[in-house]
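Accompanying notes for the structure given below.
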Amino acid sequence: MRQFLAVFWTEVLVNSKRVVPYALMILFTAHAILWWGWGPAVKLGWATNSEYYIVRNLTGFSFLLGLPIFTAVIMGDPVIRDFRLGIDPLIFSKPISRAQYLLGKFFGNFFVLVCCQAAFPLTLLVLQAFRTSQMVVQPVRILPYFKHFLLLVVISHLVLAAVYFTAGTLTRNSKVVFGLAACFYPLYISYGYSLKALVPRWMLLLDPFMLGLGPGGGGFEHSADFLNRYVVRYSAEMIANRGMAIVVAAVCLAILYFRFSITKRSRNVEAFSLLGLSTAAERVYYDSDSFKATAVAPYELIESHEKVILPSVKRVSEGFSANLKKLIAASRVEFRLLRAERSLIVLVPLVIFLSTLDLAFYRVVPEVSYSATYASKTANALLLCLIGVTVFYVGEAMHRDREVRIEPVLWATPARNCVLLLSKFVATLTLNLSLAAVVGVAAIAIQFLRGHYPVEIQQYLLTYTLILLPSLIFLAAASISLNVLLRDKYLAYALSIGISAGLFYLYSIGYNHWLYNPMLYRLWTYADLGGGSTQPVILIHRLYCLAIAIAFLALAHFFFKRSFRKAFLVDGRLGGAGWSLLIGVVSVSVSVIAGLVIGR
Amino acid sequence: MLVIRDLRKTYPSGVQALKGISLKINAGMFGLLGPNGAGKTTLMKIIATLLSPDSGSIEMNGADLLAREDKTRQILGYLPQDFGFYPTLTADQTLDYFAKLKGVTDKMERRALINALLERVNLTSARKQRVGGFSGGMRQRLGIAQALIGEPKLIIVDEPTAGLDPEERVRFHNLLAETASENTVVILSTHIVSDVSNLCSQMAVIRHGEILTSCTPQRALDQVRESVWEATVPLDKVSALKSHGLVISSQMFNGLARVRLISRSKRPSEEFTAVSPLLEDYYFDLVSQPERVR
């Protein structure tokens, strides 16, 4: 028990020194305030502390707001971290059992997660003491907050936490965990659809988030008086549901216990890519064969081969042509590295599935033509998927050099900053375009198979070129500049998710304007692309979008960390910083002019 | 010739890593010796244009290396202390990539260069293997291979042999020895004294961000010649010997202690005999001086 507690408290201590838990607490508190003061309760006369509203808020909180993804952030890498930092041999050489170690890690981090989540109900609890003039507040209640939080949030996330923790620990790859987290919503929604065929009793039993709890229709189908008097009772199915959730979590942890091994995995090639050669000898990993070869040979016995003369080569490091060749070489390597990402095995089929789901399984009503409808629907769905793909892979590309420690070697080569930076942009864009091409081919195949003739390729090309291409360029450029400015992958992910969610929320409640909708979400139809009065606006908007993308790239180039001197002029010519400034100013000017034209 | 003048660097944390370093380094192998935290890596990073100094200058054959990073990188071959490669690329692909970044545009020339480099570092048979599966020594050899691309005039190798097994270490010494030439400056930064004594024609010792000495290894040995003594004594006498001079080492041998010490004034006692000095003796004598003054 002592060892378990030691691991448990160390995890709590380690997490207490990270920014993430505090950021989550602030986020959840802010959401609680938002839902309390600006939620439907105030407008519709629901009591903000009625049992119904407490449950409604908690189920929403548990499922929405990316909470399942935040669970992955906390629960995915506690064991991976030990292996990455090289603490594993120090821990496993102590008298600690597998169960003590794994359970200490799991519950330590889960405790931190629950503490973060608790910020939401605790804020709501405290807010009972405050009210605005239009707000209905019932007498203060305390127990329902704790009871429903435990049953609806903690137990639901116990299952998720166990799944993420098991996946992360067994694969020792945090990307797998984030891949699972990214798949959560599509998987859960698909699962929800499959449950709809069942009777409500079974739905309640099998829904891990118990979203069907309480009166239907999100409360909008009932009077305020009814809802304010509504008492939430847990039926036998609900209790069984919670029991099953705990059993599933236990099964996950049991599988982990039996499958967990403290030895390094031979297939984990990334682990062998690090060298720490000074004082950190433990970072130099040898594969098993090299141990056989370490019998010390006397100095004179070590083969002394003839000195190989290196051929003299011509080097061209300056000029447009030389830099272009370097950019092509670097982009090819970056793209090869992106292709080697194992997460693509999951993401590519998922993107194809989500982008063509609507076309493959539902009735397609042609607007201009079948091809135009197919192209428009896939473009819209693809854009949403590619936001996530771009943010994730730009983050990977931008931080990979530092993570595999090749950065000092690369930065000491005579390759310009623009080569190192643009290669990542080109590679990510190529990946996105490849995905778009694959989805396009899949859509054409579905159109062909469903007999929706004629298949007109030019309509796909027009839609993808005008809608997808500029949006993808914008996304990649914005993401690169965010990563350069923030210098932290996870911060960039979180901010990107936050900005995207915020924008889509604004669009969905009607605040949708061309100037802050670079993806043209819900602002176009295929008919607009082919002609008509909106076509010129769309074309100018695309120019506006590209100009902002270039400004983002110029910004990223200016702040790229490699240069310690910002040389505006070198030998009377423009230096790297000078070019960034010039291009930035020109592109901002173009975007302002285009924006003014669109605004009119 | 590489000339470093009054180089200073203080990190934002307040740590003064370099306190006015000045050095003149001729072509050939130069060893920079110093304990951990002495400022070696900071100095190497500044020369490699990866870190900016607060003040000071670095010139190579009259050209200011700090003023034009891009020009400096064209003559530079750098093997950092702590580095890795893309694990999914092969040795061949890795060298090809670095050759392209260094401006070797002709495909045939690049091919020939990579073949010769792989041959020199004895990795020809592993050229199609992913770097992620390489042992520490193999990756270190690949590291020196990438540093040699494009006939660099200034090669910086930072702690290259720490963590290598003895066989790999000797192989690496041979490789480094082959890189030094009449018009190439090779700076070897290390805390392993034998690396310097085996390889370098010039050396300097750095400590707490200051250069304690800069000379040839031969001259360094001359300074402790006829001052190094060795004896085998009972264990309980070892602590008493500290008053006779600086104890360089004390090793157990058949239940007794074999003690090596430096005493300049006289023979410490009857049981001591004079022995040939090693560079380690000079190094320990030098770096322990402040403690002795205190």
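Chain labels run A, B, ... following the order of the structure tokens; each chain numbers its residues from 1, and ligands are numbered from 1 in the order shown.
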Taking 4 positions as the minimum chain separation for residues in the same chain, which residues sit within 12 Å of Val238 in chain B when counting only C-alpha atoms? Answer as JSON, numbers by chain. {"B": [231, 232, 233, 234, 242, 243, 244, 245, 246, 247, 248, 249, 250, 251, 252, 256, 257, 258, 259, 260, 261]}
Set the distance at 6 Å and use only C-alpha atoms: which residues neighbour range 189-206 of chain B once local chain neighbours fewer than 6 positions away are removed? I'd like the list as a VMD selection string. chain B and resid 29 to 35 158 to 159 212 to 216 280
Would you save the residues of that selection, restricted to N, CA and C atoms, as a PDB file, in the first residue's frame?
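Dumped everything to out.pdb:
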```pdb
ATOM      1  N   MET B  29      43.968  19.581 -34.968  1.00  0.00           N
ATOM      2  CA  MET B  29      43.013  19.134 -33.948  1.00  0.00           C
ATOM      3  C   MET B  29      43.238  19.900 -32.644  1.00  0.00           C
ATOM      4  N   PHE B  30      42.221  20.553 -32.177  1.00  0.00           N
ATOM      5  CA  PHE B  30      42.306  21.337 -30.947  1.00  0.00           C
ATOM      6  C   PHE B  30      41.388  20.721 -29.896  1.00  0.00           C
ATOM      7  N   GLY B  31      41.930  20.438 -28.748  1.00  0.00           N
ATOM      8  CA  GLY B  31      41.120  19.829 -27.686  1.00  0.00           C
ATOM      9  C   GLY B  31      40.695  20.861 -26.658  1.00  0.00           C
ATOM     10  N   LEU B  32      39.418  20.915 -26.386  1.00  0.00           N
ATOM     11  CA  LEU B  32      38.925  21.809 -25.338  1.00  0.00           C
ATOM     12  C   LEU B  32      38.471  20.939 -24.177  1.00  0.00           C
ATOM     13  N   LEU B  33      39.256  20.987 -23.114  1.00  0.00           N
ATOM     14  CA  LEU B  33      38.996  20.119 -21.955  1.00  0.00           C
ATOM     15  C   LEU B  33      38.312  20.898 -20.839  1.00  0.00           C
ATOM     16  N   GLY B  34      37.453  20.242 -20.142  1.00  0.00           N
ATOM     17  CA  GLY B  34      36.841  20.916 -18.995  1.00  0.00           C
ATOM     18  C   GLY B  34      35.835  20.012 -18.323  1.00  0.00           C
ATOM     19  N   PRO B  35      35.599  20.228 -17.036  1.00  0.00           N
ATOM     20  CA  PRO B  35      34.600  19.399 -16.339  1.00  0.00           C
ATOM     21  C   PRO B  35      33.189  19.730 -16.829  1.00  0.00           C
ATOM     22  N   ASP B 158      31.411  17.934 -30.282  1.00  0.00           N
ATOM     23  CA  ASP B 158      31.162  18.219 -28.869  1.00  0.00           C
ATOM     24  C   ASP B 158      30.922  16.910 -28.123  1.00  0.00           C
ATOM     25  N   GLU B 159      31.809  16.569 -27.226  1.00  0.00           N
ATOM     26  CA  GLU B 159      31.704  15.346 -26.407  1.00  0.00           C
ATOM     27  C   GLU B 159      31.363  14.128 -27.269  1.00  0.00           C
ATOM     28  N   LEU B 212      41.680  28.333 -18.419  1.00  0.00           N
ATOM     29  CA  LEU B 212      42.748  28.264 -17.413  1.00  0.00           C
ATOM     30  C   LEU B 212      44.102  28.230 -18.091  1.00  0.00           C
ATOM     31  N   THR B 213      44.167  27.540 -19.230  1.00  0.00           N
ATOM     32  CA  THR B 213      45.433  27.495 -19.966  1.00  0.00           C
ATOM     33  C   THR B 213      45.170  27.124 -21.412  1.00  0.00           C
ATOM     34  N   SER B 214      46.073  27.493 -22.284  1.00  0.00           N
ATOM     35  CA  SER B 214      46.010  27.091 -23.685  1.00  0.00           C
ATOM     36  C   SER B 214      47.443  26.805 -24.123  1.00  0.00           C
ATOM     37  N   CYS B 215      47.705  25.561 -24.478  1.00  0.00           N
ATOM     38  CA  CYS B 215      49.075  25.180 -24.821  1.00  0.00           C
ATOM     39  C   CYS B 215      49.055  23.890 -25.630  1.00  0.00           C
ATOM     40  N   THR B 216      50.233  23.307 -25.864  1.00  0.00           N
ATOM     41  CA  THR B 216      50.265  21.994 -26.513  1.00  0.00           C
ATOM     42  C   THR B 216      50.266  20.920 -25.422  1.00  0.00           C
ATOM     43  N   GLU B 280      46.366  13.582 -17.700  1.00  0.00           N
ATOM     44  CA  GLU B 280      45.408  13.621 -16.592  1.00  0.00           C
ATOM     45  C   GLU B 280      46.020  14.306 -15.368  1.00  0.00           C
TER      46      GLU B 280
END
```
Select, as a PDB file with C-alpha atoms, in the first residue's frame, those residues of chain B with any atom no more than 7 Å from chain A (distances computed using only C-alpha atoms).
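Writing the result to iface.pdb gives the following:
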```
ATOM      1  CA  ALA B  48      28.310  26.859 -34.571  1.00  0.00           C
ATOM      2  CA  THR B  49      25.962  29.905 -34.863  1.00  0.00           C
ATOM      3  CA  SER B  52      24.360  34.333 -29.687  1.00  0.00           C
ATOM      4  CA  ASP B  70      24.793  31.855 -43.451  1.00  0.00           C
ATOM      5  CA  ARG B  73      27.366  27.549 -41.912  1.00  0.00           C
ATOM      6  CA  GLN B  74      28.863  27.019 -45.365  1.00  0.00           C
ATOM      7  CA  TYR B  78      29.033  20.274 -36.573  1.00  0.00           C
ATOM      8  CA  LEU B  79      28.500  17.227 -34.410  1.00  0.00           C
ATOM      9  CA  PRO B  80      26.594  18.301 -31.296  1.00  0.00           C
ATOM     10  CA  GLN B  81      26.799  16.705 -27.888  1.00  0.00           C
ATOM     11  CA  ASP B  82      23.163  15.661 -27.810  1.00  0.00           C
ATOM     12  CA  PHE B  83      21.662  14.787 -31.159  1.00  0.00           C
ATOM     13  CA  GLY B  84      19.513  12.331 -33.075  1.00  0.00           C
ATOM     14  CA  PHE B  85      18.375  11.572 -36.584  1.00  0.00           C
ATOM     15  CA  TYR B  86      15.020  10.897 -38.159  1.00  0.00           C
ATOM     16  CA  PRO B  87      14.535   7.266 -37.111  1.00  0.00           C
ATOM     17  CA  TYR B  97      19.410  14.954 -47.265  1.00  0.00           C
ATOM     18  CA  LYS B 100      21.433  18.559 -50.453  1.00  0.00           C
ATOM     19  CA  LEU B 101      21.042  21.031 -47.598  1.00  0.00           C
ATOM     20  CA  LYS B 102      24.773  21.746 -47.808  1.00  0.00           C
ATOM     21  CA  GLY B 103      24.367  22.609 -51.469  1.00  0.00           C
ATOM     22  CA  VAL B 104      25.790  19.494 -53.174  1.00  0.00           C
ATOM     23  CA  THR B 105      23.397  19.710 -56.095  1.00  0.00           C
ATOM     24  CA  GLU B 109      28.859  13.911 -57.154  1.00  0.00           C
ATOM     25  CA  LEU B 113      30.498  11.566 -51.810  1.00  0.00           C
ATOM     26  CA  ALA B 116      32.988   7.546 -49.794  1.00  0.00           C
ATOM     27  CA  LEU B 117      31.625   8.889 -46.509  1.00  0.00           C
ATOM     28  CA  GLU B 119      33.064   3.785 -46.550  1.00  0.00           C
ATOM     29  CA  ARG B 120      35.127   6.049 -44.336  1.00  0.00           C
ATOM     30  CA  GLY B 132      16.367   4.228 -35.684  1.00  0.00           C
ATOM     31  CA  GLY B 133      17.870   0.752 -35.399  1.00  0.00           C
ATOM     32  CA  SER B 135      23.602   1.400 -32.072  1.00  0.00           C
ATOM     33  CA  GLY B 136      25.102   4.430 -30.300  1.00  0.00           C
ATOM     34  CA  GLY B 150      31.197  19.559 -48.231  1.00  0.00           C
ATOM     35  CA  GLU B 159      31.704  15.346 -26.407  1.00  0.00           C
ATOM     36  CA  PRO B 160      31.752  12.752 -29.188  1.00  0.00           C
ATOM     37  CA  ALA B 162      31.204   9.829 -24.002  1.00  0.00           C
ATOM     38  CA  GLY B 163      28.921   6.825 -23.752  1.00  0.00           C
ATOM     39  CA  ASP B 165      32.234   1.418 -25.718  1.00  0.00           C
ATOM     40  CA  PRO B 166      36.057   1.168 -25.912  1.00  0.00           C
ATOM     41  CA  GLU B 167      36.098  -0.324 -29.408  1.00  0.00           C
ATOM     42  CA  VAL B 170      39.050   3.923 -30.731  1.00  0.00           C
TER      43      VAL B 170
END
```
I'd like the neighbourhood of range 390-396 of chain A as a ChimeraX atom specification, where a residue qualifies if any of its atoms comes within 8 Å (using only C-alpha atoms), though same-chain residues fewer than 5 positions away should be ignored. /A:338,424-425,428,432,475-476,479-480,483,489,492-493,496
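Between Ala118 in chain A and the residues A:Arg522, A:Arg233, A:His399, A:Lys147, the shortest atom-to-atom distance, using only C-alpha atoms, involves A:Lys147.
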Would you please give, as a ChimeraX atom specification, all residues of range 102-193 of chain B that DSSP assigns to helix (DSSP H, G or I) based on the backbone? /B:107-120,124-126,131-133,136-147,166-179,193
